[in-house]
file data-v4.txt (compact mmCIF, C-alpha atoms and all ligand atoms)
# COMPACT_ATOMS: atom_id res chain seq x y z
CA MET B 250 -54.77 -47.48 10.09
CA ALA B 251 -52.53 -47.44 13.14
CA SER B 252 -52.52 -50.79 14.91
CA SER B 253 -50.97 -49.39 18.07
CA TYR B 254 -51.16 -46.19 20.09
CA ARG B 255 -48.52 -44.39 22.10
CA ILE B 256 -49.46 -43.90 25.77
CA ALA B 257 -46.27 -42.83 27.54
CA THR B 258 -42.50 -42.49 27.33
CA ILE B 259 -40.26 -44.14 29.94
CA MET B 260 -36.41 -44.05 29.94
CA GLY B 261 -36.76 -42.34 26.56
CA ILE B 262 -38.66 -45.33 25.13
CA PRO B 263 -42.13 -44.80 23.63
CA ILE B 264 -44.63 -47.15 25.28
CA ARG B 265 -47.37 -48.24 22.86
CA VAL B 266 -50.50 -50.35 23.22
CA HIS B 267 -51.63 -52.61 20.39
CA VAL B 268 -55.33 -52.91 19.46
CA THR B 269 -55.32 -56.59 20.52
CA PHE B 270 -54.26 -55.40 23.96
CA LEU B 271 -57.20 -53.00 24.16
CA LEU B 272 -59.47 -55.95 23.30
CA ILE B 273 -57.96 -58.33 25.85
CA LEU B 274 -57.95 -55.84 28.74
CA PRO B 275 -61.76 -55.91 29.28
CA VAL B 276 -61.66 -59.71 28.87
CA PHE B 277 -59.16 -59.93 31.72
CA ALA B 278 -61.25 -57.52 33.79
CA VAL B 279 -64.33 -59.74 33.36
CA VAL B 280 -62.38 -62.96 34.03
CA PHE B 281 -61.04 -61.44 37.27
CA ALA B 282 -64.48 -60.04 38.18
CA ILE B 283 -66.38 -63.33 37.87
CA ASN B 284 -63.62 -65.61 39.20
CA PRO B 285 -65.05 -67.03 42.46
CA SER B 286 -61.67 -66.98 44.19
CA LEU B 287 -61.11 -63.32 43.23
CA PHE B 288 -64.08 -60.95 43.12
CA GLY B 289 -66.91 -63.31 42.10
CA ASP B 290 -68.70 -63.14 45.45
CA ILE B 291 -68.43 -59.36 45.87
CA GLN B 292 -71.64 -57.35 45.91
CA PRO B 293 -72.79 -55.16 44.25
CA ALA B 294 -71.72 -56.60 40.90
CA TRP B 295 -70.38 -53.27 39.57
CA LEU B 296 -67.83 -53.27 42.38
CA SER B 297 -66.53 -56.70 41.34
CA TYR B 298 -66.15 -55.43 37.76
CA ALA B 299 -64.43 -52.26 38.95
CA LEU B 300 -61.99 -54.34 41.01
CA GLY B 301 -61.49 -56.66 38.02
CA GLY B 302 -60.70 -53.64 35.85
CA VAL B 303 -58.19 -52.26 38.34
CA LEU B 304 -56.48 -55.65 38.70
CA ALA B 305 -56.28 -56.05 34.90
CA VAL B 306 -54.56 -52.66 34.61
CA VAL B 307 -52.20 -53.46 37.48
CA PHE B 308 -51.39 -56.81 35.85
CA PHE B 309 -50.45 -55.16 32.58
CA PHE B 310 -48.39 -52.64 34.51
CA CYS B 311 -46.44 -55.70 35.74
CA VAL B 312 -46.05 -56.78 32.09
CA LEU B 313 -44.68 -53.32 31.33
CA LEU B 314 -42.17 -53.62 34.21
CA HIS B 315 -41.10 -56.97 32.71
CA GLU B 316 -40.44 -55.27 29.35
CA LEU B 317 -38.61 -52.40 31.03
CA GLY B 318 -36.35 -55.06 32.57
CA HIS B 319 -35.30 -56.08 29.04
CA SER B 320 -34.92 -52.44 28.03
CA TYR B 321 -32.76 -51.54 31.02
CA VAL B 322 -30.19 -54.22 30.21
CA ALA B 323 -30.34 -53.25 26.52
CA LEU B 324 -29.67 -49.56 27.21
CA ARG B 325 -26.78 -50.44 29.54
CA ASN B 326 -25.25 -52.37 26.64
CA ASP B 327 -25.76 -49.55 24.14
CA ILE B 328 -28.59 -51.29 22.32
CA GLN B 329 -31.32 -48.85 21.34
CA ILE B 330 -34.92 -49.82 22.09
CA LYS B 331 -37.23 -48.17 19.58
CA SER B 332 -40.46 -48.86 21.44
CA ILE B 333 -42.27 -51.20 23.78
CA THR B 334 -45.65 -52.44 22.56
CA LEU B 335 -48.15 -54.17 24.82
CA ILE B 336 -49.96 -56.87 22.83
CA ILE B 337 -52.40 -59.66 23.55
CA PHE B 338 -50.13 -62.01 25.46
CA GLY B 339 -47.69 -59.54 26.94
CA GLY B 340 -45.18 -57.05 25.70
CA VAL B 341 -42.78 -56.78 22.81
CA SER B 342 -39.66 -54.62 22.89
CA GLN B 343 -38.60 -53.44 19.46
CA MET B 344 -34.84 -53.29 19.34
CA GLU B 345 -32.83 -51.27 16.86
CA GLU B 346 -30.70 -54.33 16.35
CA VAL B 347 -30.50 -57.82 17.79
CA PRO B 348 -27.47 -58.19 20.07
CA ARG B 349 -25.02 -60.56 18.36
CA ASP B 350 -23.05 -60.93 21.57
CA SER B 351 -24.56 -64.10 22.99
CA ARG B 352 -23.82 -63.08 26.58
CA VAL B 353 -25.66 -59.74 26.14
CA GLU B 354 -28.56 -61.46 24.39
CA MET B 355 -28.91 -63.92 27.25
CA LEU B 356 -28.73 -61.24 29.96
CA MET B 357 -31.29 -59.15 28.12
CA ALA B 358 -33.64 -62.09 27.65
CA LEU B 359 -33.40 -63.13 31.29
CA ALA B 360 -33.92 -59.62 32.71
CA GLY B 361 -37.67 -59.59 31.94
CA PRO B 362 -38.58 -62.92 33.54
CA ALA B 363 -36.25 -62.02 36.45
CA ILE B 364 -38.32 -58.87 37.14
CA SER B 365 -41.58 -60.86 36.95
CA LEU B 366 -40.17 -63.50 39.26
CA VAL B 367 -39.01 -60.89 41.81
CA ILE B 368 -42.43 -59.17 41.78
CA GLY B 369 -44.22 -62.54 42.03
CA VAL B 370 -42.08 -63.99 44.80
CA THR B 371 -42.20 -60.72 46.78
CA LEU B 372 -46.01 -60.56 46.59
CA ILE B 373 -46.36 -64.22 47.57
CA ALA B 374 -43.98 -63.63 50.49
CA VAL B 375 -46.08 -60.63 51.57
CA TYR B 376 -49.19 -62.77 51.20
CA LEU B 377 -47.74 -65.46 53.45
CA LEU B 378 -46.35 -62.92 55.94
CA LEU B 379 -49.83 -61.44 56.29
CA GLY B 380 -50.88 -64.80 57.61
CA PHE B 381 -52.69 -66.28 54.61
CA SER B 382 -51.54 -69.83 54.27
CA THR B 383 -52.22 -70.81 50.65
CA VAL B 384 -53.17 -69.15 47.42
CA PRO B 385 -56.89 -68.28 47.78
CA LEU B 386 -59.24 -71.03 46.67
CA PRO B 387 -62.97 -70.76 45.95
CA GLY B 388 -64.94 -70.73 49.16
CA GLU B 389 -62.03 -69.64 51.32
CA SER B 390 -62.66 -66.47 53.24
CA VAL B 391 -59.65 -64.39 52.34
CA PRO B 392 -60.09 -60.59 52.44
CA VAL B 393 -60.02 -58.78 49.10
CA SER B 394 -56.56 -57.27 49.76
CA GLY B 395 -55.19 -60.78 50.36
CA ARG B 396 -56.79 -62.18 47.20
CA VAL B 397 -55.31 -59.38 45.08
CA ILE B 398 -51.81 -59.80 46.54
CA GLY B 399 -51.93 -63.59 46.25
CA TRP B 400 -53.23 -63.68 42.69
CA LEU B 401 -50.98 -60.93 41.43
CA GLY B 402 -48.04 -62.81 42.91
CA LEU B 403 -49.11 -66.04 41.25
CA ILE B 404 -49.74 -64.39 37.87
CA ASN B 405 -46.27 -62.81 37.87
CA VAL B 406 -44.63 -66.15 38.62
CA LEU B 407 -46.64 -67.69 35.77
CA LEU B 408 -45.60 -64.81 33.49
CA ALA B 409 -41.95 -65.54 34.26
CA ALA B 410 -42.47 -69.27 33.69
CA PHE B 411 -44.38 -68.79 30.41
CA ASN B 412 -41.69 -66.48 29.06
CA LEU B 413 -38.94 -68.94 29.92
CA ILE B 414 -40.38 -71.58 27.55
CA PRO B 415 -37.35 -72.17 25.30
CA ALA B 416 -39.00 -71.23 21.98
CA PHE B 417 -39.42 -68.06 19.90
CA PRO B 418 -40.95 -65.51 20.35
CA MET B 419 -40.75 -66.09 24.13
CA ASP B 420 -37.72 -64.83 26.06
CA GLY B 421 -36.65 -68.44 26.55
CA GLY B 422 -36.27 -68.64 22.77
CA ARG B 423 -33.60 -65.93 22.95
CA VAL B 424 -31.84 -67.72 25.77
CA LEU B 425 -31.90 -70.88 23.66
CA ARG B 426 -30.59 -69.08 20.57
CA SER B 427 -27.82 -67.50 22.58
CA LEU B 428 -26.79 -70.96 23.86
CA LEU B 429 -27.11 -72.60 20.43
CA SER B 430 -25.24 -69.79 18.66
CA ARG B 431 -22.11 -70.71 20.61
CA ARG B 432 -21.97 -73.96 18.65
CA LEU B 433 -24.06 -73.26 15.54
CA PRO B 434 -24.12 -70.50 12.91
CA TYR B 435 -26.37 -67.68 14.12
CA LEU B 436 -29.05 -68.23 11.48
CA ASP B 437 -29.26 -71.96 12.18
CA ALA B 438 -29.60 -71.26 15.89
CA THR B 439 -32.44 -68.84 15.06
CA SER B 440 -34.18 -71.41 12.85
CA ARG B 441 -34.10 -74.04 15.58
CA ALA B 442 -35.54 -71.70 18.20
CA ALA B 443 -38.23 -70.58 15.72
CA SER B 444 -39.16 -74.16 14.79
CA LEU B 445 -39.56 -74.97 18.47
CA GLY B 446 -41.81 -71.91 18.80
CA LYS B 447 -44.00 -73.11 15.92
CA ALA B 448 -44.18 -76.63 17.39
CA PHE B 449 -45.13 -75.19 20.76
CA ALA B 450 -47.80 -72.96 19.16
CA PHE B 451 -49.20 -75.99 17.35
CA MET B 452 -49.47 -77.98 20.57
CA LEU B 453 -50.99 -75.07 22.45
CA GLY B 454 -53.51 -74.53 19.66
CA LEU B 455 -54.40 -78.23 19.64
CA PHE B 456 -54.90 -78.17 23.40
CA GLY B 457 -57.06 -75.06 23.01
CA PHE B 458 -59.10 -76.82 20.33
CA LEU B 459 -59.68 -79.82 22.60
CA THR B 460 -60.82 -77.58 25.44
CA LEU B 461 -63.23 -75.37 23.47
CA PRO B 462 -64.99 -73.06 24.15
CA GLY B 463 -62.73 -72.12 27.08
CA GLY B 464 -59.68 -72.93 24.97
CA LEU B 465 -60.50 -70.23 22.42
CA TRP B 466 -58.08 -67.78 23.97
CA LEU B 467 -55.35 -70.44 23.92
CA ILE B 468 -55.91 -70.81 20.16
CA LEU B 469 -55.60 -67.03 19.83
CA ILE B 470 -52.36 -66.97 21.81
CA ALA B 471 -51.04 -69.96 19.83
CA PHE B 472 -51.76 -68.05 16.62
CA PHE B 473 -49.74 -65.05 17.80
CA ILE B 474 -46.88 -67.26 18.97
CA TYR B 475 -46.82 -68.99 15.57
CA LEU B 476 -46.73 -65.64 13.74
CA GLY B 477 -44.13 -64.28 16.16
CA ALA B 478 -41.84 -67.29 15.69
CA GLY B 479 -42.03 -66.93 11.90
CA GLN B 480 -41.40 -63.18 11.99
CA GLU B 481 -38.43 -63.63 14.30
CA GLU B 482 -36.85 -66.09 11.88
CA VAL B 483 -37.53 -64.11 8.71
CA GLY B 484 -36.57 -60.83 10.40
CA THR B 485 -33.24 -62.25 11.59
CA ARG B 486 -32.48 -63.76 8.20
CA VAL B 487 -33.26 -60.52 6.37
CA SER B 488 -31.37 -58.25 8.77
CA PHE B 489 -28.41 -60.65 8.67
CA THR B 490 -28.36 -60.74 4.87
CA LEU B 491 -28.77 -56.98 4.46
CA GLU B 492 -26.19 -56.08 7.08
CA GLY B 493 -23.84 -53.39 5.75
CA VAL B 494 -25.87 -52.98 2.53
CA ASP B 495 -27.02 -49.43 1.84
CA VAL B 496 -29.76 -48.21 -0.48
CA ALA B 497 -27.27 -46.89 -3.07
CA ARG B 498 -26.00 -50.43 -3.69
CA ILE B 499 -29.34 -51.93 -4.67
CA MET B 500 -31.53 -49.04 -5.85
CA THR B 501 -32.60 -48.56 -9.45
CA ARG B 502 -30.75 -45.54 -10.84
CA GLU B 503 -32.55 -45.03 -14.15
CA VAL B 504 -35.82 -43.70 -12.84
CA THR B 505 -38.76 -43.11 -15.12
CA THR B 506 -40.65 -40.08 -13.86
CA VAL B 507 -43.91 -38.43 -14.83
CA GLY B 508 -45.09 -34.82 -14.63
CA PRO B 509 -48.07 -33.53 -12.64
CA GLU B 510 -49.91 -32.78 -15.90
CA THR B 511 -49.54 -36.31 -17.34
CA GLU B 512 -52.91 -38.00 -17.90
CA LEU B 513 -53.69 -41.19 -16.00
CA ASP B 514 -54.30 -43.09 -19.26
CA GLU B 515 -50.71 -42.38 -20.21
CA VAL B 516 -49.51 -43.57 -16.81
CA VAL B 517 -51.38 -46.87 -17.33
CA GLU B 518 -49.63 -47.32 -20.71
CA LEU B 519 -46.30 -46.56 -19.04
CA MET B 520 -47.01 -49.20 -16.40
CA LEU B 521 -47.79 -51.81 -19.08
CA GLU B 522 -44.66 -50.93 -21.01
CA ARG B 523 -42.14 -50.55 -18.18
CA LYS B 524 -43.65 -53.16 -15.82
CA HIS B 525 -43.26 -50.82 -12.84
CA THR B 526 -46.37 -49.87 -10.89
CA GLY B 527 -45.17 -46.67 -9.26
CA TYR B 528 -43.45 -43.50 -10.55
CA PRO B 529 -42.06 -40.40 -8.83
CA VAL B 530 -43.72 -37.17 -9.95
CA LEU B 531 -41.32 -34.34 -10.82
CA SER B 532 -42.32 -30.72 -11.27
CA ASN B 533 -39.49 -28.44 -12.50
CA GLY B 534 -37.00 -31.06 -11.38
CA ARG B 535 -38.43 -31.18 -7.88
CA LEU B 536 -40.04 -34.30 -6.39
CA VAL B 537 -43.66 -33.40 -5.61
CA GLY B 538 -45.34 -36.78 -5.22
CA ILE B 539 -45.56 -40.39 -6.26
CA ILE B 540 -48.19 -42.06 -8.44
CA THR B 541 -48.91 -45.76 -7.98
CA LEU B 542 -51.31 -48.29 -9.45
CA ASP B 543 -53.46 -47.94 -6.31
CA ASP B 544 -53.72 -44.18 -6.91
CA VAL B 545 -54.75 -44.82 -10.53
CA HIS B 546 -57.33 -47.38 -9.44
CA SER B 547 -58.84 -44.90 -7.01
CA VAL B 548 -60.06 -42.93 -10.06
CA PRO B 549 -62.99 -44.52 -11.98
CA ARG B 550 -61.90 -45.89 -15.37
CA GLU B 551 -64.10 -43.53 -17.40
CA ARG B 552 -62.55 -40.48 -15.74
CA ARG B 553 -58.92 -41.52 -16.24
CA ASN B 554 -58.49 -39.76 -19.59
CA ARG B 555 -59.65 -36.50 -17.99
CA THR B 556 -57.67 -36.78 -14.76
CA THR B 557 -54.04 -35.77 -14.46
CA VAL B 558 -51.40 -37.24 -12.18
CA GLU B 559 -51.67 -34.18 -9.95
CA GLY B 560 -55.27 -35.05 -9.11
CA ALA B 561 -54.51 -38.62 -8.07
CA MET B 562 -50.93 -38.80 -6.78
CA SER B 563 -49.86 -39.24 -3.14
CA THR B 564 -48.15 -36.11 -1.87
CA GLU B 565 -47.18 -37.64 1.46
CA LEU B 566 -43.54 -38.27 0.61
CA VAL B 567 -41.40 -40.75 2.45
CA THR B 568 -37.93 -40.88 0.93
CA ALA B 569 -34.63 -42.62 1.52
CA THR B 570 -31.09 -41.33 0.95
CA PRO B 571 -28.36 -43.34 -0.80
CA ASP B 572 -26.69 -44.09 2.54
CA THR B 573 -29.87 -45.27 4.29
CA PRO B 574 -29.29 -48.89 5.40
CA ALA B 575 -31.30 -51.15 3.07
CA PHE B 576 -32.84 -52.93 6.05
CA ASP B 577 -34.21 -49.61 7.37
CA ALA B 578 -35.74 -48.85 3.97
CA LEU B 579 -37.40 -52.28 4.05
CA LYS B 580 -38.76 -51.67 7.55
CA VAL B 581 -40.25 -48.31 6.53
CA MET B 582 -41.88 -49.88 3.45
CA SER B 583 -43.45 -52.75 5.36
CA ARG B 584 -44.55 -50.56 8.27
CA ARG B 585 -46.19 -47.99 6.00
CA GLY B 586 -47.35 -50.41 3.33
CA PHE B 587 -45.34 -48.72 0.54
CA GLY B 588 -44.09 -50.64 -2.49
CA ARG B 589 -41.22 -48.23 -3.20
CA LEU B 590 -39.33 -45.22 -1.87
CA PRO B 591 -37.81 -42.41 -3.95
CA VAL B 592 -34.12 -41.94 -3.14
CA VAL B 593 -33.15 -38.29 -2.73
CA GLU B 594 -29.74 -36.71 -2.29
CA ASN B 595 -29.31 -32.96 -1.74
CA GLY B 596 -32.90 -32.39 -2.77
CA GLU B 597 -32.42 -34.23 -6.06
CA LEU B 598 -34.00 -37.52 -7.12
CA VAL B 599 -31.14 -40.00 -7.67
CA GLY B 600 -32.96 -43.34 -7.72
CA ILE B 601 -35.82 -45.46 -6.52
CA ILE B 602 -35.83 -48.50 -4.26
CA SER B 603 -38.67 -50.99 -4.50
CA ARG B 604 -39.66 -54.15 -2.70
CA THR B 605 -38.63 -56.01 -5.83
CA ASP B 606 -35.12 -54.53 -5.55
CA LEU B 607 -34.96 -55.71 -1.94
CA THR B 608 -36.34 -59.18 -2.68
CA ARG B 609 -33.81 -59.59 -5.49
CA ALA B 610 -30.97 -58.38 -3.26
CA LEU B 611 -32.02 -60.91 -0.62
CA GLU B 612 -32.02 -63.66 -3.22
CA ILE B 613 -28.59 -62.71 -4.53
CA LEU B 614 -26.93 -62.03 -1.18
CA GLY B 615 -28.69 -64.76 0.82
CA GLU B 616 -27.66 -68.34 1.18
ZN ZN F 701 -39.92 -60.79 28.10
call {"tool": "encode", "arguments": {"input": "data-v4.txt", "output": "structure tokens", "more": "lines below"}}
Ligand SMILES: [Zn+2]
result
Amino acid sequence: MASSYRIATIMGIPIRVHVTFLLILPVFAVVFAINPSLFGDIQPAWLSYALGGVLAVVFFFCVLLHELGHSYVALRNDIQIKSITLIIFGGVSQMEEVPRDSRVEMLMALAGPAISLVIGVTLIAVYLLLGFSTVPLPGESVPVSGRVIGWLGLINVLLAAFNLIPAFPMDGGRVLRSLLSRRLPYLDATSRAASLGKAFAFMLGLFGFLTLPGGLWLILIAFFIYLGAGQEEVGTRVSFTLEGVDVARIMTREVTTVGPETELDEVVELMLERKHTGYPVLSNGRLVGIITLDDVHSVPRERRNRTTVEGAMSTELVTATPDTPAFDALKVMSRRGFGRLPVVENGELVGIISRTDLTRALEILGE
């Protein structure tokens, strides 16, 4: 199941929305609609919800501009951005690689909050220039246009401030790593920024817990920050360790294959004997599919002696070549949920790379 959907392409970068974002958008719309200092007093009620919906979309458009700020600096420094995904607490830019140049990393990290700050300060300036004195408070009679400008300005300033918290996965975490990496090894700098992110998530979650039920969304955000901090650390460690390693160096060359006419019972015996749970399927020397334990399990036990590999194998083939970077192979496997990839060169099967191969390589090459 896809967890995110592509909605547009800007500066050549696919813009995606994550399912959590689709869930949070209506929540924001309702929060805006019933907020007494925003649209809470507007009649009829459907109009307040419509305005809430529009403001929620505009707000996330501001989040997108923030991400495009990161992307712009990245592209100017020849760093490819694979996609931008809008998730529950903002946006995530997926980079091809993490900039190792600490100056570039810092500029890139600061560009997003800078955009948010510029939008926020501009809107607040407009708000004040229009003659509204303070940010609208409940009971104050500020026209709807003023409330929207004032709140949007405030939210963007808060977005900049939140992202500058010096902990992963916030932008401030990257700024911190870039500063730390001038004195510390890169991986240690990453660990520190990630630990701070986890500590921050823990505190935020605790605060959310103490302020239940309103704090529920804080707990949710804390959960995502905790996961994000961990992923950032593991991801950096893995990409660092696998740098310059290609598939050919760690793949298994002696591949056991099966034919399309092999019975599933035989495949089960093969799995017990060889301890591998997936085999490429060759027909006349050509790779036609892959049969895994999951495929075998999808056939009821009593039918396995009458079913051949052809009737159960996956024909959707995702392969690697010997010169595919090992880290890319790992990313494909985790994204698609595959345990192994056949390695093909000039149309011929030359090896297989599994998660086990990668885990072992990480153990051997890591610190
Ligand atoms: Zn950012």
call {"tool": "residues_near_ligand", "arguments": {"input": "data-v4.txt", "ligand": "ligand ZN 701 (chain F)", "cutoff": "10 Å", "atoms": "all atoms listed in the file", "output": "PyMOL selection string"}}
result
chain B and resi 312-320+339-342+357-365+408-409+411-413+418-421+423
call {"tool": "residues_around", "arguments": {"input": "data-v4.txt", "residues": "Gly508 of chain B", "least_positions_apart": "2", "cutoff": "12 Å", "atoms": "all atoms listed in the file", "output": "short mmCIF file (atom, residue, chain, number, x, y, z; two decimals) with C-alpha atoms, in the coordinates of the input"}}
result
data_model
loop_
_atom_site.label_atom_id
_atom_site.label_comp_id
_atom_site.auth_asym_id
_atom_site.auth_seq_id
_atom_site.Cartn_x
_atom_site.Cartn_y
_atom_site.Cartn_z
CA THR B 505 -38.76 -43.11 -15.12
CA THR B 506 -40.65 -40.08 -13.86
CA GLU B 510 -49.91 -32.78 -15.90
CA THR B 511 -49.54 -36.31 -17.34
CA GLU B 512 -52.91 -38.00 -17.90
CA LEU B 513 -53.69 -41.19 -16.00
CA GLU B 515 -50.71 -42.38 -20.21
CA VAL B 516 -49.51 -43.57 -16.81
CA TYR B 528 -43.45 -43.50 -10.55
CA PRO B 529 -42.06 -40.40 -8.83
CA VAL B 530 -43.72 -37.17 -9.95
CA LEU B 531 -41.32 -34.34 -10.82
CA SER B 532 -42.32 -30.72 -11.27
CA ASN B 533 -39.49 -28.44 -12.50
CA GLY B 534 -37.00 -31.06 -11.38
CA ARG B 535 -38.43 -31.18 -7.88
CA LEU B 536 -40.04 -34.30 -6.39
CA VAL B 537 -43.66 -33.40 -5.61
CA GLY B 538 -45.34 -36.78 -5.22
CA ILE B 539 -45.56 -40.39 -6.26
CA ILE B 540 -48.19 -42.06 -8.44
CA THR B 557 -54.04 -35.77 -14.46
CA VAL B 558 -51.40 -37.24 -12.18
CA GLU B 559 -51.67 -34.18 -9.95
CA GLY B 560 -55.27 -35.05 -9.11
CA MET B 562 -50.93 -38.80 -6.78
#
call {"tool": "residues_around", "arguments": {"input": "data-v4.txt", "residues": "Val581 of chain B", "least_positions_apart": "3", "cutoff": "12 Å", "atoms": "only C-alpha atoms", "output": "list in words"}}
result
Val567, Thr568, Ala569, Thr573, Pro574, Ala575, Phe576, Asp577, Ala578, Arg584, Arg585, Gly586, Phe587, Gly588, Arg589, Leu590, Ile602, Ser603 and Arg604 of chain B
call {"tool": "atom_distance", "arguments": {"input": "data-v4.txt", "atom1": "atom CA of Arg550 of chain B", "atom2": "atom CA of Ser563 of chain B"}}
result
18.4 Å
call {"tool": "residues_around", "arguments": {"input": "data-v4.txt", "residues": "His267 of chain B", "least_positions_apart": "2", "cutoff": "6 Å", "atoms": "only C-alpha atoms", "output": "list in words"}}
result
Ser252, Ser253, Thr269, Phe270, Leu335 and Ile336 of chain B
call {"tool": "closest_residue", "arguments": {"input": "data-v4.txt", "among": "B:Gly402, B:Gly380, B:Pro392, B:Gly600", "to": "Phe288 of chain B", "atoms": "all atoms listed in the file"}}
result
B:Pro392
call {"tool": "residues_around", "arguments": {"input": "data-v4.txt", "residues": "segment 471-475 of chain B", "least_positions_apart": "3", "cutoff": "9 Å", "atoms": "all atoms listed in the file", "output": "JSON, numbers by chain"}}
result
{"B": [337, 338, 417, 418, 419, 443, 446, 447, 448, 449, 450, 451, 452, 453, 454, 455, 457, 466, 467, 468, 478, 479, 480]}
call {"tool": "write_last_selection", "arguments": {"input": "data-v4.txt", "atoms": "C-alpha atoms", "output": "PDB file, keeping the file's coordinate frame"}}
result
ATOM      1  CA  ILE B 337     -52.400 -59.660  23.550  1.00  0.00           C
ATOM      2  CA  PHE B 338     -50.130 -62.010  25.460  1.00  0.00           C
ATOM      3  CA  PHE B 417     -39.420 -68.060  19.900  1.00  0.00           C
ATOM      4  CA  PRO B 418     -40.950 -65.510  20.350  1.00  0.00           C
ATOM      5  CA  MET B 419     -40.750 -66.090  24.130  1.00  0.00           C
ATOM      6  CA  ALA B 443     -38.230 -70.580  15.720  1.00  0.00           C
ATOM      7  CA  GLY B 446     -41.810 -71.910  18.800  1.00  0.00           C
ATOM      8  CA  LYS B 447     -44.000 -73.110  15.920  1.00  0.00           C
ATOM      9  CA  ALA B 448     -44.180 -76.630  17.390  1.00  0.00           C
ATOM     10  CA  PHE B 449     -45.130 -75.190  20.760  1.00  0.00           C
ATOM     11  CA  ALA B 450     -47.800 -72.960  19.160  1.00  0.00           C
ATOM     12  CA  PHE B 451     -49.200 -75.990  17.350  1.00  0.00           C
ATOM     13  CA  MET B 452     -49.470 -77.980  20.570  1.00  0.00           C
ATOM     14  CA  LEU B 453     -50.990 -75.070  22.450  1.00  0.00           C
ATOM     15  CA  GLY B 454     -53.510 -74.530  19.660  1.00  0.00           C
ATOM     16  CA  LEU B 455     -54.400 -78.230  19.640  1.00  0.00           C
ATOM     17  CA  GLY B 457     -57.060 -75.060  23.010  1.00  0.00           C
ATOM     18  CA  TRP B 466     -58.080 -67.780  23.970  1.00  0.00           C
ATOM     19  CA  LEU B 467     -55.350 -70.440  23.920  1.00  0.00           C
ATOM     20  CA  ILE B 468     -55.910 -70.810  20.160  1.00  0.00           C
ATOM     21  CA  ALA B 478     -41.840 -67.290  15.690  1.00  0.00           C
ATOM     22  CA  GLY B 479     -42.030 -66.930  11.900  1.00  0.00           C
ATOM     23  CA  GLN B 480     -41.400 -63.180  11.990  1.00  0.00           C
TER      24      GLN B 480
END
call {"tool": "closest_residue", "arguments": {"input": "data-v4.txt", "among": "B:Ala416, B:Ile499, B:Ala305, B:Leu598", "to": "Leu445 of chain B", "atoms": "only C-alpha atoms"}}
result
B:Ala416
call {"tool": "residues_around", "arguments": {"input": "data-v4.txt", "residues": "segment 275-278 of chain B", "least_positions_apart": "5", "cutoff": "8 Å", "atoms": "all atoms listed in the file", "output": "number ranges by chain"}}
result
B: 298, 300-305
call {"tool": "closest_residue", "arguments": {"input": "data-v4.txt", "among": "B:Asp572, B:Asp495, B:Glu482, B:Glu354", "to": "Leu425 of chain B", "atoms": "all atoms listed in the file"}}
result
B:Glu354
call {"tool": "closest_residue", "arguments": {"input": "data-v4.txt", "among": "B:Glu522, B:Glu565, B:Glu597, B:Asp606", "to": "Met500 of chain B", "atoms": "all atoms listed in the file"}}
result
B:Asp606
call {"tool": "atom_distance", "arguments": {"input": "data-v4.txt", "atom1": "atom CA of Ala299 of chain B", "atom2": "atom CA of Thr460 of chain B"}}
result
28.9 Å
call {"tool": "closest_residue", "arguments": {"input": "data-v4.txt", "among": "B:Pro509, B:Gly527, B:Gly399, B:Pro434", "to": "Arg349 of chain B", "atoms": "all atoms listed in the file"}}
result
B:Pro434
call {"tool": "build_atoms", "arguments": {"input": "data-v4.txt", "residues": "segment 431-440 of chain B", "atoms": "N, CA and C atoms", "output": "mmCIF file, in the frame of the given file"}}
result
data_model
loop_
_atom_site.group_PDB
_atom_site.id
_atom_site.type_symbol
_atom_site.label_atom_id
_atom_site.label_comp_id
_atom_site.auth_asym_id
_atom_site.auth_seq_id
_atom_site.Cartn_x
_atom_site.Cartn_y
_atom_site.Cartn_z
ATOM 1 N N ARG B 431 -23.509 -70.485 20.247
ATOM 2 C CA ARG B 431 -22.110 -70.710 20.610
ATOM 3 C C ARG B 431 -21.533 -71.888 19.827
ATOM 4 N N ARG B 432 -22.439 -72.773 19.376
ATOM 5 C CA ARG B 432 -21.970 -73.960 18.650
ATOM 6 C C ARG B 432 -22.376 -73.950 17.172
ATOM 7 N N LEU B 433 -23.505 -73.240 16.894
ATOM 8 C CA LEU B 433 -24.060 -73.260 15.540
ATOM 9 C C LEU B 433 -23.952 -71.886 14.895
ATOM 10 N N PRO B 434 -24.016 -71.820 13.547
ATOM 11 C CA PRO B 434 -24.120 -70.500 12.910
ATOM 12 C C PRO B 434 -25.377 -69.797 13.432
ATOM 13 N N TYR B 435 -25.292 -68.474 13.521
ATOM 14 C CA TYR B 435 -26.370 -67.680 14.120
ATOM 15 C C TYR B 435 -27.736 -67.943 13.495
ATOM 16 N N LEU B 436 -27.774 -68.024 12.153
ATOM 17 C CA LEU B 436 -29.050 -68.230 11.480
ATOM 18 C C LEU B 436 -29.640 -69.607 11.773
ATOM 19 N N ASP B 437 -28.781 -70.616 11.857
ATOM 20 C CA ASP B 437 -29.260 -71.960 12.180
ATOM 21 C C ASP B 437 -29.824 -72.002 13.596
ATOM 22 N N ALA B 438 -29.122 -71.321 14.507
ATOM 23 C CA ALA B 438 -29.600 -71.260 15.890
ATOM 24 C C ALA B 438 -30.974 -70.599 15.931
ATOM 25 N N THR B 439 -31.149 -69.533 15.121
ATOM 26 C CA THR B 439 -32.440 -68.840 15.060
ATOM 27 C C THR B 439 -33.520 -69.765 14.524
ATOM 28 N N SER B 440 -33.208 -70.496 13.448
ATOM 29 C CA SER B 440 -34.180 -71.410 12.850
ATOM 30 C C SER B 440 -34.657 -72.454 13.852
#
